[in-house]
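Engineer: As input, take start-v6.cif (mmCIF, C-alpha atoms):
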```
data_query
#
loop_
_atom_site.label_atom_id
_atom_site.label_comp_id
_atom_site.auth_asym_id
_atom_site.auth_seq_id
_atom_site.Cartn_x
_atom_site.Cartn_y
_atom_site.Cartn_z
CA MET L 3 97.14 153.83 92.28
CA LYS L 4 99.91 153.81 89.68
CA LYS L 5 102.02 151.59 91.96
CA ASN L 6 99.17 149.07 92.31
CA LYS L 7 98.84 148.91 88.51
CA GLN L 8 102.58 148.21 88.21
CA ILE L 9 102.32 145.38 90.78
CA THR L 10 99.33 143.89 88.96
CA SER L 11 101.15 144.08 85.63
CA LEU L 12 104.24 142.44 87.14
CA ALA L 13 102.11 139.64 88.64
CA LYS L 14 100.48 138.97 85.26
CA GLN L 15 103.89 138.85 83.58
CA GLU L 16 105.10 136.32 86.16
CA GLU L 17 101.93 134.27 85.64
CA ARG L 18 102.45 134.20 81.87
CA LEU L 19 106.11 133.23 82.39
CA ALA L 20 105.10 130.41 84.72
CA ILE L 21 102.62 129.08 82.13
CA LYS L 22 105.27 129.20 79.40
CA LEU L 23 107.74 127.31 81.60
CA LEU L 24 105.16 124.69 82.60
CA LEU L 25 103.82 124.15 79.08
CA PRO L 26 106.65 121.83 77.89
CA THR L 27 106.33 119.75 81.06
CA PHE L 28 102.56 119.52 80.59
CA LEU L 29 102.93 118.41 76.96
CA ILE L 30 105.51 115.76 77.91
CA LEU L 31 103.17 114.54 80.68
CA ILE L 32 100.34 114.19 78.15
CA ILE L 33 102.55 112.22 75.76
CA ILE L 34 104.18 109.82 78.22
CA ALA L 35 101.44 109.41 80.87
CA ILE L 36 97.96 110.59 80.01
CA TYR L 37 97.86 109.32 76.41
CA PRO L 38 98.91 105.71 77.29
CA LEU L 39 96.49 105.74 80.23
CA GLY L 40 93.67 106.89 77.96
CA GLN L 41 94.61 104.17 75.46
CA VAL L 42 94.34 101.53 78.21
CA PHE L 43 90.91 102.90 79.19
CA TYR L 44 89.73 102.69 75.56
CA THR L 45 91.16 99.17 75.02
CA SER L 46 89.30 97.97 78.12
CA PHE L 47 86.04 98.52 76.19
CA THR L 48 87.15 96.30 73.28
CA ASP L 49 87.87 92.61 72.61
CA LYS L 50 91.36 93.33 71.30
CA THR L 51 93.75 90.37 71.09
CA PHE L 52 97.37 90.87 72.08
CA ALA L 53 99.97 90.56 69.27
CA SER L 54 97.41 89.76 66.57
CA ALA L 55 97.45 91.78 63.37
CA THR L 56 94.68 89.82 61.64
CA LYS L 57 91.84 89.58 64.17
CA GLU L 58 89.40 92.46 64.00
CA THR L 59 88.91 94.52 67.17
CA ASN L 60 85.31 95.28 68.21
CA PHE L 61 83.93 97.79 70.71
CA ILE L 62 82.05 95.73 73.35
CA GLY L 63 81.25 98.35 75.99
CA LEU L 64 81.30 97.11 79.60
CA GLU L 65 81.47 93.39 78.76
CA ASN L 66 85.02 92.98 80.10
CA TYR L 67 84.08 94.61 83.41
CA LYS L 68 80.95 92.42 83.69
CA LYS L 69 83.08 89.29 83.13
CA LEU L 70 85.44 90.36 85.92
CA LEU L 71 83.12 91.81 88.54
CA SER L 72 79.72 90.09 88.22
CA VAL L 73 78.64 88.56 91.55
CA THR L 74 75.46 86.69 92.53
CA ILE L 75 74.17 85.02 95.70
CA LYS L 76 71.87 82.00 95.41
CA GLU L 77 70.20 79.83 98.05
CA LEU L 78 71.15 76.16 97.91
CA PRO L 79 67.98 74.02 98.18
CA PRO L 80 68.26 71.06 100.61
CA ILE L 81 68.40 67.52 99.20
CA THR L 82 65.42 65.57 100.55
CA ASP L 83 64.45 61.89 100.64
CA GLU L 84 61.14 60.39 99.49
CA ASN L 85 59.50 61.52 102.75
CA GLY L 86 60.55 65.16 102.32
CA ASN L 87 63.20 65.05 105.07
CA GLN L 88 66.63 66.58 104.41
CA LYS L 89 69.33 63.99 103.81
CA ILE L 90 72.35 63.84 106.16
CA ASP L 91 75.88 62.95 105.05
CA SER L 92 76.72 59.69 106.83
CA LYS L 93 80.47 60.55 106.98
CA THR L 94 80.36 64.16 108.16
CA ASN L 95 76.91 64.07 109.79
CA ARG L 96 76.07 67.34 108.03
CA PRO L 97 72.89 68.18 106.06
CA LEU L 98 73.16 67.84 102.29
CA TYR L 99 72.39 70.65 99.84
CA GLU L 100 72.16 70.88 96.08
CA ARG L 101 75.47 71.33 94.25
CA PRO L 102 76.29 74.99 93.44
CA ILE L 103 76.83 74.19 89.75
CA ARG L 104 73.11 73.31 89.47
CA VAL L 105 72.01 76.56 91.09
CA LEU L 106 74.34 79.21 89.71
CA PRO L 107 73.27 80.87 86.43
CA ARG L 108 75.09 80.03 83.22
CA LYS L 109 73.68 82.79 80.99
CA PRO L 110 74.57 85.45 79.94
CA TYR L 111 77.73 84.61 81.92
CA ARG L 112 78.76 81.37 83.57
CA TYR L 113 79.05 81.86 87.32
CA LYS L 114 81.45 79.74 89.39
CA GLU L 115 81.42 79.06 93.11
CA LEU L 116 83.54 81.44 95.20
CA THR L 117 82.41 80.38 98.69
CA GLN L 118 79.41 79.16 100.70
CA PHE L 119 77.89 80.43 103.96
CA SER L 120 74.90 79.79 106.23
CA PHE L 121 72.41 82.45 107.33
CA MET L 122 69.12 82.11 109.24
CA GLY L 123 69.28 78.30 108.93
CA LYS L 124 69.67 78.40 105.15
CA ARG L 125 72.68 77.66 102.95
CA PHE L 126 73.86 80.16 100.33
CA VAL L 127 76.53 80.18 97.66
CA ILE L 128 78.37 83.24 96.32
CA GLY L 129 78.97 82.90 92.59
CA VAL L 130 81.31 85.06 90.52
CA THR L 131 82.15 85.08 86.85
CA ASP L 132 85.91 85.20 87.45
CA PRO L 133 86.88 83.67 90.83
CA ASN L 134 90.60 83.99 90.03
CA PHE L 135 90.32 87.78 89.75
CA ILE L 136 88.24 88.12 92.93
CA SER L 137 90.73 85.87 94.75
CA SER L 138 93.62 87.94 93.40
CA ILE L 139 92.09 91.05 95.00
CA SER L 140 91.76 89.37 98.41
CA ASN L 141 95.27 87.85 98.12
CA THR L 142 96.76 91.27 97.34
CA VAL L 143 94.90 93.05 100.16
CA ILE L 144 95.85 90.41 102.78
CA PHE L 145 99.44 90.41 101.55
CA THR L 146 99.58 94.22 101.73
CA ILE L 147 98.08 94.60 105.21
CA ILE L 148 100.23 91.95 106.92
CA SER L 149 103.52 92.63 105.13
CA VAL L 150 103.37 96.42 105.54
CA ALA L 151 102.45 96.09 109.25
CA LEU L 152 105.37 93.72 109.92
CA GLU L 153 107.81 95.82 107.88
CA THR L 154 106.81 98.96 109.79
CA VAL L 155 107.28 97.40 113.24
CA LEU L 156 110.53 95.63 112.37
CA GLY L 157 111.82 98.63 110.42
CA LEU L 158 111.18 100.92 113.39
CA ALA L 159 112.99 98.52 115.74
CA ILE L 160 116.01 98.34 113.42
CA ALA L 161 116.04 102.13 112.93
CA LEU L 162 116.05 102.69 116.69
CA VAL L 163 118.99 100.30 117.10
CA VAL L 164 121.17 101.73 114.32
CA ASN L 165 120.32 105.28 115.43
CA SER L 166 122.00 104.71 118.81
CA ASN L 167 125.73 105.17 119.38
CA PHE L 168 127.75 101.94 119.31
CA TYR L 169 130.95 100.66 117.73
CA GLY L 170 130.43 99.51 114.12
CA ARG L 171 127.25 101.52 113.58
CA GLY L 172 128.31 102.50 110.04
CA ALA L 173 128.99 98.89 109.06
CA MET L 174 125.65 97.82 110.53
CA ARG L 175 123.80 100.43 108.45
CA THR L 176 125.51 99.12 105.31
CA VAL L 177 124.83 95.45 106.06
CA MET L 178 121.16 96.03 106.80
CA LEU L 179 120.66 97.31 103.23
CA VAL L 180 121.91 94.09 101.58
CA PRO L 181 118.44 92.45 101.22
CA TRP L 182 117.06 95.67 99.69
CA ALA L 183 119.95 95.80 97.20
CA VAL L 184 119.29 92.28 95.88
CA ILE L 185 117.11 92.22 92.74
CA THR L 186 113.62 90.97 93.62
CA VAL L 187 113.64 88.15 91.06
CA VAL L 188 117.01 86.94 92.36
CA SER L 189 115.89 87.04 95.98
CA ALA L 190 112.65 85.21 95.05
CA ARG L 191 114.67 82.44 93.34
CA MET L 192 116.91 82.24 96.41
CA TRP L 193 113.89 81.86 98.70
CA GLU L 194 112.37 79.31 96.32
CA TRP L 195 115.40 77.10 96.97
CA MET L 196 115.24 77.67 100.73
CA LEU L 197 111.51 76.77 100.74
CA GLN L 198 111.96 73.48 98.83
CA PRO L 199 109.55 70.76 100.09
CA SER L 200 112.38 68.39 101.02
CA ARG L 201 115.60 68.36 103.01
CA VAL L 202 117.22 70.16 100.07
CA GLY L 203 115.40 73.27 101.31
CA LEU L 204 117.12 75.21 104.09
CA PHE L 205 113.99 75.67 106.24
CA ASN L 206 112.95 72.02 106.03
CA THR L 207 116.49 71.03 107.01
CA ILE L 208 116.51 73.37 110.03
CA LEU L 209 112.98 72.38 111.14
CA ASP L 210 113.86 68.70 110.76
CA LYS L 211 117.00 69.18 112.89
CA ILE L 212 115.03 70.74 115.74
CA GLY L 213 112.23 68.15 115.46
CA ILE L 214 109.50 70.23 113.83
CA GLY L 215 107.73 68.66 110.86
CA ASN L 216 108.92 65.72 108.79
CA GLY L 217 111.36 67.63 106.58
CA GLN L 218 108.84 67.72 103.74
CA ILE L 219 106.76 70.82 104.44
CA ALA L 220 105.44 72.15 101.13
CA PHE L 221 105.66 75.88 101.75
CA LEU L 222 104.80 76.86 98.16
CA THR L 223 102.23 74.20 97.26
CA ASN L 224 100.24 73.99 100.51
CA GLU L 225 97.55 76.63 100.04
CA LYS L 226 97.59 77.63 103.73
CA LEU L 227 101.35 78.26 103.65
CA GLN L 228 101.60 80.08 100.32
CA LEU L 229 100.67 83.61 101.46
CA PRO L 230 102.71 83.42 104.72
CA SER L 231 105.73 82.32 102.67
CA LEU L 232 105.34 85.24 100.26
CA ILE L 233 104.90 87.66 103.15
CA ALA L 234 108.11 86.34 104.76
CA VAL L 235 110.02 86.92 101.51
CA ASP L 236 108.68 90.46 101.15
CA VAL L 237 109.32 91.34 104.81
CA TRP L 238 112.92 90.08 104.53
CA LYS L 239 113.55 92.15 101.42
CA THR L 240 111.69 95.40 102.19
CA THR L 241 112.17 95.91 105.94
CA PRO L 242 115.58 97.59 105.32
CA PHE L 243 113.86 100.15 103.10
CA MET L 244 111.39 100.99 105.87
CA ALA L 245 114.25 101.12 108.40
CA LEU L 246 116.15 103.56 106.18
CA LEU L 247 113.15 105.89 105.84
CA LEU L 248 112.44 105.80 109.58
CA LEU L 249 116.14 106.30 110.41
CA ALA L 250 116.08 109.52 108.38
CA GLY L 251 113.12 110.71 110.46
CA LEU L 252 114.82 109.76 113.74
CA GLN L 253 117.90 111.80 112.91
CA LEU L 254 115.77 114.93 112.51
CA ILE L 255 114.67 114.78 116.17
CA PRO L 256 116.88 117.17 118.24
CA ASN L 257 118.97 115.48 120.95
CA THR L 258 118.21 118.41 123.28
CA LEU L 259 114.69 117.02 123.75
CA TYR L 260 116.07 113.72 125.04
CA GLU L 261 118.60 115.53 127.25
CA ALA L 262 115.80 117.59 128.79
CA ALA L 263 113.74 114.44 129.32
CA GLU L 264 116.71 112.75 131.03
CA ILE L 265 117.02 115.70 133.42
CA ASP L 266 113.28 115.43 134.18
CA GLY L 267 113.77 111.74 134.99
CA ALA L 268 111.72 110.33 132.11
CA SER L 269 112.41 106.67 131.36
CA LYS L 270 113.46 105.47 127.87
CA LEU L 271 109.99 104.01 127.30
CA LYS L 272 108.30 107.29 128.22
CA GLN L 273 110.73 109.20 125.96
CA PHE L 274 109.76 106.88 123.10
CA PHE L 275 106.00 107.47 123.50
CA THR L 276 106.17 111.21 124.31
CA ILE L 277 109.02 112.38 122.05
CA THR L 278 110.07 109.82 119.44
CA LEU L 279 106.70 108.49 118.28
CA PRO L 280 104.86 111.87 117.98
CA LEU L 281 107.75 113.54 116.13
CA LEU L 282 108.21 110.48 113.90
CA LYS L 283 104.53 110.36 112.87
CA PRO L 284 104.95 112.29 109.55
CA THR L 285 107.84 110.02 108.52
CA ILE L 286 105.88 106.89 109.45
CA ALA L 287 102.88 108.16 107.47
CA VAL L 288 104.94 108.79 104.33
CA ALA L 289 106.70 105.41 104.66
CA LEU L 290 103.34 103.65 105.07
CA VAL L 291 101.92 105.34 101.96
CA PHE L 292 104.98 104.42 99.87
CA ARG L 293 105.06 100.80 100.96
CA THR L 294 101.30 100.26 100.83
CA LEU L 295 100.97 101.52 97.27
CA ASP L 296 104.01 99.47 96.27
CA ALA L 297 102.62 96.32 97.93
CA LEU L 298 99.25 96.72 96.17
CA ARG L 299 101.12 96.49 92.85
CA VAL L 300 103.12 93.40 93.89
CA PHE L 301 103.98 91.20 90.90
CA ASP L 302 107.44 89.63 90.88
CA VAL L 303 107.26 87.66 94.15
CA PHE L 304 103.90 86.09 93.22
CA GLN L 305 104.97 85.40 89.64
CA VAL L 306 108.35 83.82 90.45
CA LEU L 307 107.33 81.74 93.48
CA LEU L 308 103.73 80.73 92.66
CA SER L 309 103.10 81.53 88.99
CA SER L 310 99.50 80.44 88.23
CA ARG L 311 98.94 78.66 91.59
CA LYS L 312 97.95 81.92 93.29
CA TYR L 313 97.60 85.36 91.75
CA SER L 314 98.07 88.93 92.87
CA MET L 315 96.14 91.57 90.91
CA ALA L 316 99.22 92.43 88.85
CA SER L 317 100.25 88.81 88.14
CA TYR L 318 96.67 87.95 87.06
CA ASN L 319 96.78 90.95 84.74
CA TYR L 320 100.03 89.58 83.27
CA PHE L 321 98.46 86.12 82.88
CA GLN L 322 95.48 87.48 80.93
CA LEU L 323 97.70 89.61 78.67
CA ILE L 324 100.59 87.20 77.95
CA GLY L 325 99.04 83.81 78.70
CA ASN L 326 95.57 84.32 77.21
CA ARG L 327 96.49 87.21 74.86
CA ASN L 328 93.24 88.84 75.96
CA MET L 329 94.33 92.46 75.77
CA GLY L 330 90.87 93.94 76.23
CA LEU L 331 90.26 92.01 79.45
CA ALA L 332 93.81 92.70 80.68
CA SER L 333 93.25 96.43 80.08
CA ALA L 334 90.03 96.28 82.12
CA ILE L 335 91.98 94.62 84.95
CA GLY L 336 94.58 97.40 84.70
CA VAL L 337 91.88 100.05 84.95
CA ILE L 338 90.32 98.36 88.00
CA ILE L 339 93.75 98.16 89.69
CA PHE L 340 94.34 101.84 88.88
CA VAL L 341 90.98 102.88 90.36
CA LEU L 342 91.43 100.71 93.48
CA ILE L 343 94.92 102.08 94.17
CA ALA L 344 93.79 105.68 93.52
CA VAL L 345 90.85 105.36 95.94
CA PHE L 346 93.05 103.60 98.48
CA ALA L 347 95.80 106.22 98.17
CA VAL L 348 93.49 109.21 98.62
CA SER L 349 91.69 107.59 101.58
CA TYR L 350 94.99 106.52 103.13
CA ILE L 351 96.58 109.96 102.81
CA LYS L 352 93.49 111.64 104.31
CA LEU L 353 93.32 109.10 107.14
CA LEU L 354 97.01 109.48 108.05
CA GLY L 355 96.94 113.26 107.64
CA VAL L 356 100.00 113.25 105.36
CA ASP L 357 98.81 116.30 103.42
CA SER L 358 98.33 118.36 106.60
CA GLU L 359 101.68 117.54 108.24
#
```
Can you turn what I pasted into structure tokens?
Structural biologist:
Amino acid sequence: MKKNKQITSLAKQEERLAIKLLLPTFLILIIIAIYPLGQVFYTSFTDKTFASATKETNFIGLENYKKLLSVTIKELPPITDENGNQKIDSKTNRPLYERPIRVLPRKPYRYKELTQFSFMGKRFVIGVTDPNFISSISNTVIFTIISVALETVLGLAIALVVNSNFYGRGAMRTVMLVPWAVITVVSARMWEWMLQPSRVGLFNTILDKIGIGNGQIAFLTNEKLQLPSLIAVDVWKTTPFMALLLLAGLQLIPNTLYEAAEIDGASKLKQFFTITLPLLKPTIAVALVFRTLDALRVFDVFQVLLSSRKYSMASYNYFQLIGNRNMGLASAIGVIIFVLIAVFAVSYIKLLGVDSE
């Protein structure tokens, strides 16, 4: 009985010591992380102007969020002639509908057309109060999904190559890290030159030499080519990082497993699917989480190459804060990005089983 009391007393002493040791860390965390985050949350409910000492700041509740996220769907009435029949466009041979600007509400917020669609023989328009912000969300999600998928596949291929024994393996591992070592802004400027819409640009020169295109492909101004160009830049720069992470996972797999598989007559492809891929799953999951969360916060590539022609969530946040000096709205965008990434991260980690590996 006396021994149990001594153990309990010792456990309580250790608990108190642990709290005392953690207290400074907790206070520093409050000062450098939680307090600024709380300040951003509060500012998102105001109309504060950035870098203005004279304009009064007012508490406006959820107005900033309503301006960013309000969505409506309205039916477009058909345009009819004097006999009540719907008019047909003589050039496109398509039925004519009322213009969205005449249908979408203007009060209390002015809605703008995002897109149109047909359903059950009727024409509808989706109106949003801030189409740039909604587009920035879709741009960021598409960019994230495609770039992370390509980086994972290419990174795994590179890791498998540099993990094998061949002459110059050390030099190859060093060279493959060069794109990752280049500062993102510098690499974006370099790609901006290579993507020039004339024969000054490297890609237009190469494509013109092999007979593709007219040497004037506008990679950064043609809307259909903008996202693929940005994805190419990001894949070039970040694939080495993925390869490095996956290489670390490959080197943890014991060679004895492959030797046993060789004795059993298993082919290289079967060894990959039965040994390499299952044992590499935790490393792949961690690499995917890192890269996905990083890609959702992408800023520099969008800002340097496209500026205001196409936004990511982070670059649109920058535009509202620095360009429009609308600090309240920019804070609301920051909060929305924070919530989206937090939900995405938790769902992603649960889906991949990172916490249970």
Engineer: Using only C-alpha atoms, which residues sit within 9 Å of L:Leu281 once same-chain residues fewer than 6 positions away are excluded, as a PDB file with C-alpha atoms, in the frame of the given file?
Structural biologist:
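So the final result, stored in result30.pdb, reads:
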```pdb
ATOM      1  CA  GLY L 251     113.120 110.710 110.460  1.00  0.00           C
ATOM      2  CA  LEU L 252     114.820 109.760 113.740  1.00  0.00           C
ATOM      3  CA  LEU L 254     115.770 114.930 112.510  1.00  0.00           C
ATOM      4  CA  ILE L 255     114.670 114.780 116.170  1.00  0.00           C
TER       5      ILE L 255
END
```
Engineer: As a list in words, please: the residues near stretch 289-298 of chain L (cut-off 7 Å, all atoms listed in the file, same-chain neighbours under 6 positions excluded).
Structural biologist: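 Listed by chain and then number, they are Thr142, Val143, Thr146, Val150, Met244, Leu247 and Ile343 of chain L.
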Engineer: Can you spell out as JSON, numbers by chain the set of residues that the PyMOL selection byres ((chain L and resi 242) around 10) selects in the structure I just provided?
Structural biologist: {"L": [153, 154, 156, 157, 158, 160, 161, 175, 177, 178, 179, 180, 181, 182, 183, 237, 238, 239, 240, 241, 243, 244, 245, 246, 247, 248]}
Engineer: Starting from the PyMOL selection byres ((chain L and resi 309) around 12), expand the selection into actual residues of this file and give them as a list in words.
Structural biologist: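 What the PyMOL selection byres ((chain L and resi 309) around 12) grabs from the file is Ala190, Leu222, Thr223, Gln228, Phe301, Asp302, Val303, Phe304, Gln305, Val306, Leu307, Leu308, Ser310, Arg311, Lys312, Tyr313, Ser314, Ala316, Ser317, Tyr318, Tyr320, Phe321 and Gly325 of chain L.
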Engineer: For each of L:Ile36, L:Val42, L:Glu225, L:Thr278, take the minimum atom-to-atom distance to L:Leu162, counting all atoms listed in the file, then give the residue where this is smallest.
Structural biologist: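 Smallest distance to L:Leu162 is found for L:Thr278.
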Engineer: On this structure, which residues satisfy the PyMOL selection byres ((chain L and resi 95-104) around 12), written as a PyMOL selection string?
Structural biologist: chain L and resi 74-83+87-94+105-108+112-120+123-130
Engineer: Since we have the selection now, will you write its residues out, keeping C-alpha atoms, as a PDB file, in the frame of the given file?
Structural biologist:
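And here is the file that came out, result28.pdb:
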```
ATOM      1  CA  THR L  74      75.460  86.690  92.530  1.00  0.00           C
ATOM      2  CA  ILE L  75      74.170  85.020  95.700  1.00  0.00           C
ATOM      3  CA  LYS L  76      71.870  82.000  95.410  1.00  0.00           C
ATOM      4  CA  GLU L  77      70.200  79.830  98.050  1.00  0.00           C
ATOM      5  CA  LEU L  78      71.150  76.160  97.910  1.00  0.00           C
ATOM      6  CA  PRO L  79      67.980  74.020  98.180  1.00  0.00           C
ATOM      7  CA  PRO L  80      68.260  71.060 100.610  1.00  0.00           C
ATOM      8  CA  ILE L  81      68.400  67.520  99.200  1.00  0.00           C
ATOM      9  CA  THR L  82      65.420  65.570 100.550  1.00  0.00           C
ATOM     10  CA  ASP L  83      64.450  61.890 100.640  1.00  0.00           C
ATOM     11  CA  ASN L  87      63.200  65.050 105.070  1.00  0.00           C
ATOM     12  CA  GLN L  88      66.630  66.580 104.410  1.00  0.00           C
ATOM     13  CA  LYS L  89      69.330  63.990 103.810  1.00  0.00           C
ATOM     14  CA  ILE L  90      72.350  63.840 106.160  1.00  0.00           C
ATOM     15  CA  ASP L  91      75.880  62.950 105.050  1.00  0.00           C
ATOM     16  CA  SER L  92      76.720  59.690 106.830  1.00  0.00           C
ATOM     17  CA  LYS L  93      80.470  60.550 106.980  1.00  0.00           C
ATOM     18  CA  THR L  94      80.360  64.160 108.160  1.00  0.00           C
ATOM     19  CA  VAL L 105      72.010  76.560  91.090  1.00  0.00           C
ATOM     20  CA  LEU L 106      74.340  79.210  89.710  1.00  0.00           C
ATOM     21  CA  PRO L 107      73.270  80.870  86.430  1.00  0.00           C
ATOM     22  CA  ARG L 108      75.090  80.030  83.220  1.00  0.00           C
ATOM     23  CA  ARG L 112      78.760  81.370  83.570  1.00  0.00           C
ATOM     24  CA  TYR L 113      79.050  81.860  87.320  1.00  0.00           C
ATOM     25  CA  LYS L 114      81.450  79.740  89.390  1.00  0.00           C
ATOM     26  CA  GLU L 115      81.420  79.060  93.110  1.00  0.00           C
ATOM     27  CA  LEU L 116      83.540  81.440  95.200  1.00  0.00           C
ATOM     28  CA  THR L 117      82.410  80.380  98.690  1.00  0.00           C
ATOM     29  CA  GLN L 118      79.410  79.160 100.700  1.00  0.00           C
ATOM     30  CA  PHE L 119      77.890  80.430 103.960  1.00  0.00           C
ATOM     31  CA  SER L 120      74.900  79.790 106.230  1.00  0.00           C
ATOM     32  CA  GLY L 123      69.280  78.300 108.930  1.00  0.00           C
ATOM     33  CA  LYS L 124      69.670  78.400 105.150  1.00  0.00           C
ATOM     34  CA  ARG L 125      72.680  77.660 102.950  1.00  0.00           C
ATOM     35  CA  PHE L 126      73.860  80.160 100.330  1.00  0.00           C
ATOM     36  CA  VAL L 127      76.530  80.180  97.660  1.00  0.00           C
ATOM     37  CA  ILE L 128      78.370  83.240  96.320  1.00  0.00           C
ATOM     38  CA  GLY L 129      78.970  82.900  92.590  1.00  0.00           C
ATOM     39  CA  VAL L 130      81.310  85.060  90.520  1.00  0.00           C
TER      40      VAL L 130
END
```
